[in-house]
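The data block below is entry33.csv; it holds CSV, C-alpha atoms.
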chain,number,residue,atom,x,y,z
A,586,MET,CA,4.1,8.6,5.1
A,587,GLU,CA,5.7,5.6,6.7
A,588,ALA,CA,2.5,5.2,8.8
A,589,LEU,CA,0.7,4.3,5.5
A,590,LEU,CA,3.0,1.3,5.1
A,591,GLY,CA,2.9,0.0,8.6
A,592,GLU,CA,5.3,-3.0,8.9
A,593,ILE,CA,5.9,-3.1,5.2
A,594,GLU,CA,9.6,-2.4,4.3
A,595,ILE,CA,10.6,-1.2,0.8
A,596,LEU,CA,13.7,-3.1,-0.2
A,597,TYR,CA,14.2,-1.9,-3.8
A,598,GLU,CA,12.6,0.6,-6.2
A,599,GLN,CA,13.8,1.6,-9.6
A,600,GLY,CA,11.3,2.9,-12.2
A,601,PRO,CA,8.3,0.6,-12.3
A,602,CYS,CA,9.9,-2.2,-10.4
A,603,LEU,CA,9.2,-2.4,-6.6
A,604,LEU,CA,10.3,-5.0,-4.1
A,605,ILE,CA,9.1,-5.1,-0.5
A,606,ASN,CA,9.4,-7.2,2.7
A,607,LYS,CA,5.9,-8.4,3.5
A,608,PRO,CA,4.9,-8.7,7.2
A,609,GLY,CA,3.0,-11.8,8.4
A,610,GLY,CA,-0.7,-11.7,9.1
A,611,LEU,CA,-1.4,-9.3,6.1
A,612,LEU,CA,-3.2,-10.3,2.9
A,613,THR,CA,-1.4,-9.6,-0.4
A,614,GLN,CA,-4.6,-8.5,-2.0
A,615,ALA,CA,-8.2,-8.0,-0.7
A,616,PRO,CA,-11.4,-6.2,-1.4
A,617,PRO,CA,-11.2,-2.4,-1.0
A,618,HIS,CA,-12.5,-2.4,2.5
A,619,ILE,CA,-10.0,-5.0,3.9
A,620,ASP,CA,-6.4,-4.1,4.8
A,621,SER,CA,-3.8,-5.6,2.4
A,622,VAL,CA,-0.3,-5.0,1.1
A,623,GLU,CA,-1.7,-3.8,-2.2
A,624,MET,CA,-4.0,-1.2,-0.5
A,625,ARG,CA,-1.2,0.1,1.7
A,626,LEU,CA,1.3,0.4,-1.2
A,627,LYS,CA,-1.3,2.2,-3.4
A,628,LYS,CA,-2.1,4.7,-0.6
A,629,PHE,CA,1.6,5.3,0.0
A,630,ILE,CA,2.5,5.9,-3.7
A,631,ARG,CA,-0.5,8.2,-4.1
A,632,VAL,CA,0.6,10.4,-1.3
A,633,ARG,CA,4.3,10.2,-1.9
A,634,ASP,CA,4.1,10.9,-5.7
A,635,GLU,CA,1.1,13.3,-5.3
A,636,LYS,CA,-1.0,11.3,-7.8
A,637,PRO,CA,-4.4,12.7,-8.3
A,638,GLY,CA,-6.0,9.6,-9.9
A,639,ARG,CA,-5.8,5.9,-9.5
A,640,VAL,CA,-2.5,4.2,-8.8
A,641,TYR,CA,-1.6,1.3,-11.1
A,642,LEU,CA,0.0,-1.6,-9.1
A,643,ALA,CA,0.3,-5.1,-10.5
A,644,VAL,CA,0.8,-8.1,-8.4
A,645,PRO,CA,2.7,-10.8,-10.4
A,646,HIS,CA,2.9,-13.3,-7.5
A,647,ARG,CA,1.5,-13.6,-4.0
A,648,LEU,CA,2.5,-14.7,-0.6
A,649,ASP,CA,0.0,-16.4,1.8
A,650,ARG,CA,-1.3,-14.2,4.6
A,651,PRO,CA,0.8,-15.8,7.4
A,652,VAL,CA,4.0,-15.8,5.3
A,653,THR,CA,6.7,-13.0,5.4
A,654,GLY,CA,9.4,-11.9,3.0
A,655,VAL,CA,10.3,-10.4,-0.4
A,656,MET,CA,7.7,-9.7,-3.1
A,657,VAL,CA,7.8,-7.8,-6.4
A,658,PHE,CA,5.3,-5.4,-7.8
A,659,ALA,CA,5.0,-3.5,-11.1
A,660,LEU,CA,4.0,0.1,-11.4
A,661,HIS,CA,2.9,0.1,-15.0
A,662,GLN,CA,1.4,-2.4,-17.5
A,663,ARG,CA,4.4,-3.1,-19.7
A,664,ALA,CA,6.6,-3.8,-16.7
A,665,ALA,CA,3.8,-6.0,-15.2
A,666,LYS,CA,3.6,-8.1,-18.4
A,667,ARG,CA,7.4,-8.6,-18.5
A,668,ILE,CA,7.7,-9.6,-14.9
A,669,SER,CA,4.7,-12.0,-15.2
A,670,ASN,CA,6.3,-13.6,-18.2
A,671,GLN,CA,9.4,-14.3,-16.2
A,672,PHE,CA,7.3,-16.1,-13.5
A,673,GLN,CA,5.4,-18.1,-16.1
A,674,GLN,CA,8.7,-19.1,-17.8
A,675,ARG,CA,10.2,-20.0,-14.4
A,676,LEU,CA,13.0,-17.5,-14.9
A,677,VAL,CA,12.6,-16.0,-11.5
A,678,GLU,CA,14.9,-17.5,-8.8
A,679,LYS,CA,13.0,-17.8,-5.4
A,680,GLU,CA,14.4,-19.1,-2.2
A,681,TYR,CA,12.2,-19.6,0.9
A,682,TRP,CA,13.3,-20.3,4.5
A,683,ALA,CA,11.1,-22.6,6.6
A,684,CYS,CA,11.5,-23.8,10.1
A,685,VAL,CA,9.7,-27.1,10.5
A,686,GLU,CA,8.8,-29.4,13.3
A,687,GLY,CA,10.9,-32.6,13.6
A,688,HIS,CA,14.3,-33.6,12.2
A,689,VAL,CA,14.6,-33.8,8.4
A,690,GLU,CA,17.3,-36.5,8.1
A,691,GLU,CA,18.6,-36.0,4.6
A,692,GLN,CA,20.8,-33.0,4.2
A,693,GLN,CA,19.2,-32.2,0.9
A,694,GLY,CA,16.4,-33.6,-1.3
A,695,THR,CA,13.4,-33.2,-3.5
A,696,PHE,CA,9.7,-33.4,-2.7
A,697,VAL,CA,7.5,-34.5,-5.6
A,698,ASP,CA,3.7,-34.8,-5.2
A,699,PHE,CA,0.4,-34.3,-7.0
A,700,MET,CA,-1.8,-31.8,-5.2
A,701,ARG,CA,-5.0,-29.9,-5.7
A,702,LYS,CA,-6.9,-27.0,-4.2
A,703,VAL,CA,-9.7,-28.3,-2.1
A,704,PRO,CA,-13.0,-27.0,-3.7
A,705,GLY,CA,-14.7,-24.3,-1.6
A,706,GLU,CA,-11.9,-24.4,1.1
A,707,ALA,CA,-8.8,-22.3,1.8
A,708,ARG,CA,-6.4,-25.2,1.7
A,709,SER,CA,-4.8,-27.8,-0.6
A,710,GLU,CA,-4.4,-31.5,-0.4
A,711,ILE,CA,-2.2,-34.3,-1.8
A,712,CYS,CA,-4.0,-36.4,-4.4
A,713,GLN,CA,-3.5,-39.0,-7.1
A,714,GLU,CA,-1.9,-38.1,-10.3
A,715,ASP,CA,-5.1,-38.8,-12.2
A,716,GLY,CA,-7.3,-37.0,-9.7
A,717,ASP,CA,-9.6,-34.1,-10.6
A,718,GLN,CA,-7.6,-30.8,-10.8
A,719,ALA,CA,-4.3,-32.7,-9.9
A,720,LYS,CA,-1.1,-30.7,-10.5
A,721,GLN,CA,2.4,-31.8,-10.0
A,722,ALA,CA,4.3,-30.0,-7.2
A,723,VAL,CA,8.1,-30.1,-7.1
A,724,LEU,CA,10.4,-28.5,-4.5
A,725,TYR,CA,14.1,-28.8,-3.6
A,726,TYR,CA,15.4,-28.4,-0.1
A,727,ARG,CA,18.6,-28.3,1.9
A,728,VAL,CA,19.1,-28.3,5.6
A,729,ILE,CA,20.6,-25.1,7.1
A,730,GLN,CA,20.4,-26.1,10.8
A,731,ARG,CA,19.0,-28.7,13.0
A,732,ALA,CA,18.0,-28.0,16.6
A,733,GLU,CA,15.9,-29.7,19.3
A,734,ASN,CA,12.9,-31.1,17.4
A,735,LYS,CA,13.1,-28.6,14.5
A,736,THR,CA,14.9,-28.2,11.2
A,737,TRP,CA,15.6,-25.0,9.4
A,738,LEU,CA,15.3,-25.5,5.6
A,739,ALA,CA,16.2,-23.5,2.5
A,740,ILE,CA,13.7,-24.3,-0.2
A,741,GLN,CA,13.5,-23.6,-3.9
A,742,LEU,CA,10.3,-24.2,-5.9
A,743,GLU,CA,10.2,-25.6,-9.4
A,744,THR,CA,6.4,-25.2,-9.4
A,745,GLY,CA,4.3,-22.6,-7.5
A,746,ARG,CA,1.1,-24.3,-6.3
A,747,THR,CA,-1.3,-22.9,-3.7
A,748,HIS,CA,0.2,-23.7,-0.2
A,749,GLN,CA,2.7,-25.9,-1.9
A,750,ILE,CA,5.6,-25.7,0.7
A,751,ARG,CA,3.1,-25.8,3.6
A,752,LEU,CA,1.4,-28.9,2.3
A,753,GLN,CA,4.4,-30.8,1.1
A,754,CYS,CA,6.3,-30.3,4.4
A,755,GLY,CA,3.2,-31.0,6.5
A,756,SER,CA,2.2,-34.1,4.7
A,757,ARG,CA,5.6,-35.7,5.4
A,758,GLY,CA,5.3,-35.0,9.2
A,759,TYR,CA,7.3,-31.8,9.1
A,760,PRO,CA,4.7,-29.1,9.4
A,761,ILE,CA,6.0,-25.5,9.4
A,762,ILE,CA,6.0,-24.1,12.9
A,763,GLY,CA,2.8,-22.3,13.6
A,764,ASP,CA,1.0,-23.7,10.6
A,765,SER,CA,-2.0,-25.4,12.3
A,766,LEU,CA,-3.8,-25.8,9.0
A,767,TYR,CA,-1.2,-28.4,8.0
A,768,GLY,CA,-0.4,-30.1,11.3
A,769,SER,CA,1.6,-27.8,13.5
A,770,ASN,CA,0.8,-27.9,17.2
A,771,ARG,CA,3.1,-25.0,18.1
A,772,THR,CA,2.5,-21.3,18.0
A,773,PHE,CA,4.8,-18.9,16.2
A,774,GLY,CA,5.3,-15.3,17.2
A,775,GLU,CA,2.6,-13.3,18.9
A,776,HIS,CA,-0.5,-15.3,19.6
A,777,HIS,CA,-3.6,-13.5,18.2
A,778,GLU,CA,-7.2,-14.6,19.0
A,779,ASP,CA,-7.9,-13.9,15.4
A,780,GLU,CA,-6.4,-16.8,13.5
A,781,ARG,CA,-6.0,-14.8,10.4
A,782,ARG,CA,-3.4,-12.6,12.0
A,783,ARG,CA,-1.2,-15.4,13.1
A,784,CYS,CA,2.2,-16.0,11.4
A,785,ILE,CA,4.1,-19.2,10.5
A,786,ALA,CA,7.8,-19.8,10.2
A,787,LEU,CA,7.9,-19.5,6.4
A,788,HIS,CA,9.8,-16.6,4.9
A,789,SER,CA,10.4,-15.6,1.3
A,790,ARG,CA,14.1,-15.0,1.7
A,791,ARG,CA,15.4,-14.1,-1.8
A,792,LEU,CA,14.0,-13.1,-5.2
A,793,LYS,CA,16.2,-12.8,-8.3
A,794,LEU,CA,14.8,-11.5,-11.6
A,795,ARG,CA,15.6,-9.3,-14.6
A,796,HIS,CA,14.5,-5.7,-14.3
A,797,PRO,CA,11.5,-5.3,-16.7
A,798,MET,CA,12.8,-2.1,-18.4
A,799,VAL,CA,16.6,-2.0,-18.2
A,800,ASP,CA,19.3,-4.6,-18.7
A,801,GLN,CA,19.9,-5.3,-15.0
A,802,THR,CA,19.6,-8.2,-12.6
A,803,VAL,CA,17.6,-7.5,-9.4
A,804,ASP,CA,18.7,-9.8,-6.6
A,805,ILE,CA,17.1,-8.9,-3.3
A,806,THR,CA,17.2,-10.7,0.1
A,807,ALA,CA,14.6,-10.0,2.8
A,808,PRO,CA,15.8,-9.8,6.4
A,809,LEU,CA,14.1,-12.3,8.8
A,810,PRO,CA,11.5,-10.9,11.1
A,811,GLU,CA,12.1,-10.6,14.8
A,812,THR,CA,9.6,-13.4,15.4
A,813,TRP,CA,12.2,-16.0,14.4
A,814,ARG,CA,14.5,-15.0,17.2
A,815,GLN,CA,11.6,-14.8,19.6
A,816,ALA,CA,10.7,-18.3,18.7
A,817,GLY,CA,14.2,-19.5,19.6
A,818,ILE,CA,15.4,-20.0,16.0
A,819,SER,CA,19.1,-19.0,15.7
A,820,LEU,CA,19.8,-16.3,13.1
A,821,LYS,CA,23.4,-17.2,12.8
A,822,VAL,CA,23.9,-18.4,9.2
Translate this structure into structure tokens?
Amino acid sequence: MEALLGEIEILYEQGPCLLINKPGGLLTQAPPHIDSVEMRLKKFIRVRDEKPGRVYLAVPHRLDRPVTGVMVFALHQRAAKRISNQFQQRLVEKEYWACVEGHVEEQQGTFVDFMRKVPGEARSEICQEDGDQAKQAVLYYRVIQRAENKTWLAIQLETGRTHQIRLQCGSRGYPIIGDSLYGSNRTFGEHHEDERRRCIALHSRRLKLRHPMVDQTVDITAPLPETWRQAGISLKV
């Protein structure tokens, strides 16, 4: 059955609450004929649990295709609603690790911008506060390590905009390594001819939320993928 999951690793499962470690280069959701995390998990659950009909799997949040790390899913509607409410009320604690080009001088700080999704394109851009579709984007960072022409950041989001971390870092001259869409000139991990399969040095490191059905805190950390070590990023923290 593990073959159905591929590189997806199940980190936690209790009742209708499921957390996994997402590999890079894989869509969170996609049409039925395209490979995705959602499709693989549904196939796995159908076979493992011997379900004859459709498998219910809700996706309360998403990670971009080139991003790795921890994600949460819900296996029935009541759990899905409760988890989604936690995200909407900003009760979920999320920490990301990013390795960016350049030296971020301040040991910790805040990025505040207004940004919008570019109409008809798979990217976002910084805009004026009064611009069309402008939304405020706020993130907090602290420096974990600095090395030759790169900085390893721990990031917490106050808001969750499309490509927020990627855009806010890139627009300041600190693009995430491998993220050519927002200014990186370096490759990260295995180089694929198909750009859609390429990864970037952005990892959803930790997710903390309340279990939707029992009085329990779920606090899960996702191991870094091997691509970080291969890229010369020290894993000693």
If you count only C-alpha atoms, the residue of A:Asn670, A:Arg771, A:Arg751, A:Phe658 closest to Tyr597 (chain A) turns out to be A:Phe658
Tell me which protein, DNA and RNA residues are within 9 Å of Gly774 (chain A), counting only C-alpha atoms, leaving out same-chain ones fewer than 4 positions away, and put them as number ranges by chain.
A: 763, 783-786, 811-813, 815-816
**OP:** Report the distance between CA of Tyr641 (chain A) and CA of Asp800 (chain A) in Å, rounded to one decimal place.
**Re:**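 Distance reported for this atom pair: 23.0 Å.
Atom pair CA of Ser621 (chain A) / CA of Ile605 (chain A) has a distance of 13.2 Å (rounded to one decimal).
Each of A:Val799, A:Val685, A:Leu611, A:Val728 was compared to Tyr767 (chain A) using only C-alpha atoms, and A:Val685 turns out to be the nearest.
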Please produce, as CSV, a per-residue contact table for region 657-696 of chain A versus region 801-807 of chain A (criterion: any atom at most 12 Å away, only C-alpha atoms considered), showing the nearest atom pair and its distance in Å to one decimal, sorted by chain then residue number.
residue,atom,partner,partner_atom,distance
A:Val657,CA,A:Ile805,CA,9.9
A:Ile668,CA,A:Val803,CA,11.5
A:Leu676,CA,A:Thr802,CA,11.6
A:Val677,CA,A:Asp804,CA,10.0
A:Glu678,CA,A:Asp804,CA,8.9
A:Lys679,CA,A:Asp804,CA,9.9
A:Glu680,CA,A:Thr806,CA,9.1
A:Tyr681,CA,A:Ala807,CA,10.1
A:Trp682,CA,A:Ala807,CA,10.5
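The interatomic distance for the pair CA of His796 (chain A) and CA of Met624 (chain A) works out to 23.5 Å.
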* Asked: Of the candidates A:Pro617, A:Gly638, A:Gly654, A:Gly716, which one gets nearest to Leu604 (chain A) if we count all atoms listed in the file?
  ->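 Of the candidates, the smallest distance to Leu604 (chain A) is held by A:Gly654.
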Need the shell around region 625-632 of chain A: protein/DNA/RNA residues with any atom at most 12 Å away, counting only C-alpha atoms. Skip same-chain ones fewer than 6 positions apart. Format as a PDB file with C-alpha atoms, keeping the file's coordinate frame?
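The result, written out as around37.pdb:
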ATOM      1  CA  MET A 586       4.100   8.600   5.100  1.00  0.00           C
ATOM      2  CA  GLU A 587       5.700   5.600   6.700  1.00  0.00           C
ATOM      3  CA  ALA A 588       2.500   5.200   8.800  1.00  0.00           C
ATOM      4  CA  LEU A 589       0.700   4.300   5.500  1.00  0.00           C
ATOM      5  CA  LEU A 590       3.000   1.300   5.100  1.00  0.00           C
ATOM      6  CA  GLY A 591       2.900   0.000   8.600  1.00  0.00           C
ATOM      7  CA  GLU A 592       5.300  -3.000   8.900  1.00  0.00           C
ATOM      8  CA  ILE A 593       5.900  -3.100   5.200  1.00  0.00           C
ATOM      9  CA  GLU A 594       9.600  -2.400   4.300  1.00  0.00           C
ATOM     10  CA  ILE A 595      10.600  -1.200   0.800  1.00  0.00           C
ATOM     11  CA  GLU A 598      12.600   0.600  -6.200  1.00  0.00           C
ATOM     12  CA  PRO A 601       8.300   0.600 -12.300  1.00  0.00           C
ATOM     13  CA  LEU A 603       9.200  -2.400  -6.600  1.00  0.00           C
ATOM     14  CA  LEU A 604      10.300  -5.000  -4.100  1.00  0.00           C
ATOM     15  CA  ILE A 605       9.100  -5.100  -0.500  1.00  0.00           C
ATOM     16  CA  ASN A 606       9.400  -7.200   2.700  1.00  0.00           C
ATOM     17  CA  LYS A 607       5.900  -8.400   3.500  1.00  0.00           C
ATOM     18  CA  LEU A 611      -1.400  -9.300   6.100  1.00  0.00           C
ATOM     19  CA  LEU A 612      -3.200 -10.300   2.900  1.00  0.00           C
ATOM     20  CA  THR A 613      -1.400  -9.600  -0.400  1.00  0.00           C
ATOM     21  CA  GLN A 614      -4.600  -8.500  -2.000  1.00  0.00           C
ATOM     22  CA  ALA A 615      -8.200  -8.000  -0.700  1.00  0.00           C
ATOM     23  CA  PRO A 617     -11.200  -2.400  -1.000  1.00  0.00           C
ATOM     24  CA  HIS A 618     -12.500  -2.400   2.500  1.00  0.00           C
ATOM     25  CA  ILE A 619     -10.000  -5.000   3.900  1.00  0.00           C
ATOM     26  CA  GLY A 638      -6.000   9.600  -9.900  1.00  0.00           C
ATOM     27  CA  ARG A 639      -5.800   5.900  -9.500  1.00  0.00           C
ATOM     28  CA  VAL A 640      -2.500   4.200  -8.800  1.00  0.00           C
ATOM     29  CA  TYR A 641      -1.600   1.300 -11.100  1.00  0.00           C
ATOM     30  CA  LEU A 642       0.000  -1.600  -9.100  1.00  0.00           C
ATOM     31  CA  ALA A 643       0.300  -5.100 -10.500  1.00  0.00           C
ATOM     32  CA  VAL A 644       0.800  -8.100  -8.400  1.00  0.00           C
ATOM     33  CA  VAL A 657       7.800  -7.800  -6.400  1.00  0.00           C
ATOM     34  CA  PHE A 658       5.300  -5.400  -7.800  1.00  0.00           C
ATOM     35  CA  ALA A 659       5.000  -3.500 -11.100  1.00  0.00           C
ATOM     36  CA  LEU A 660       4.000   0.100 -11.400  1.00  0.00           C
TER      37      LEU A 660
END
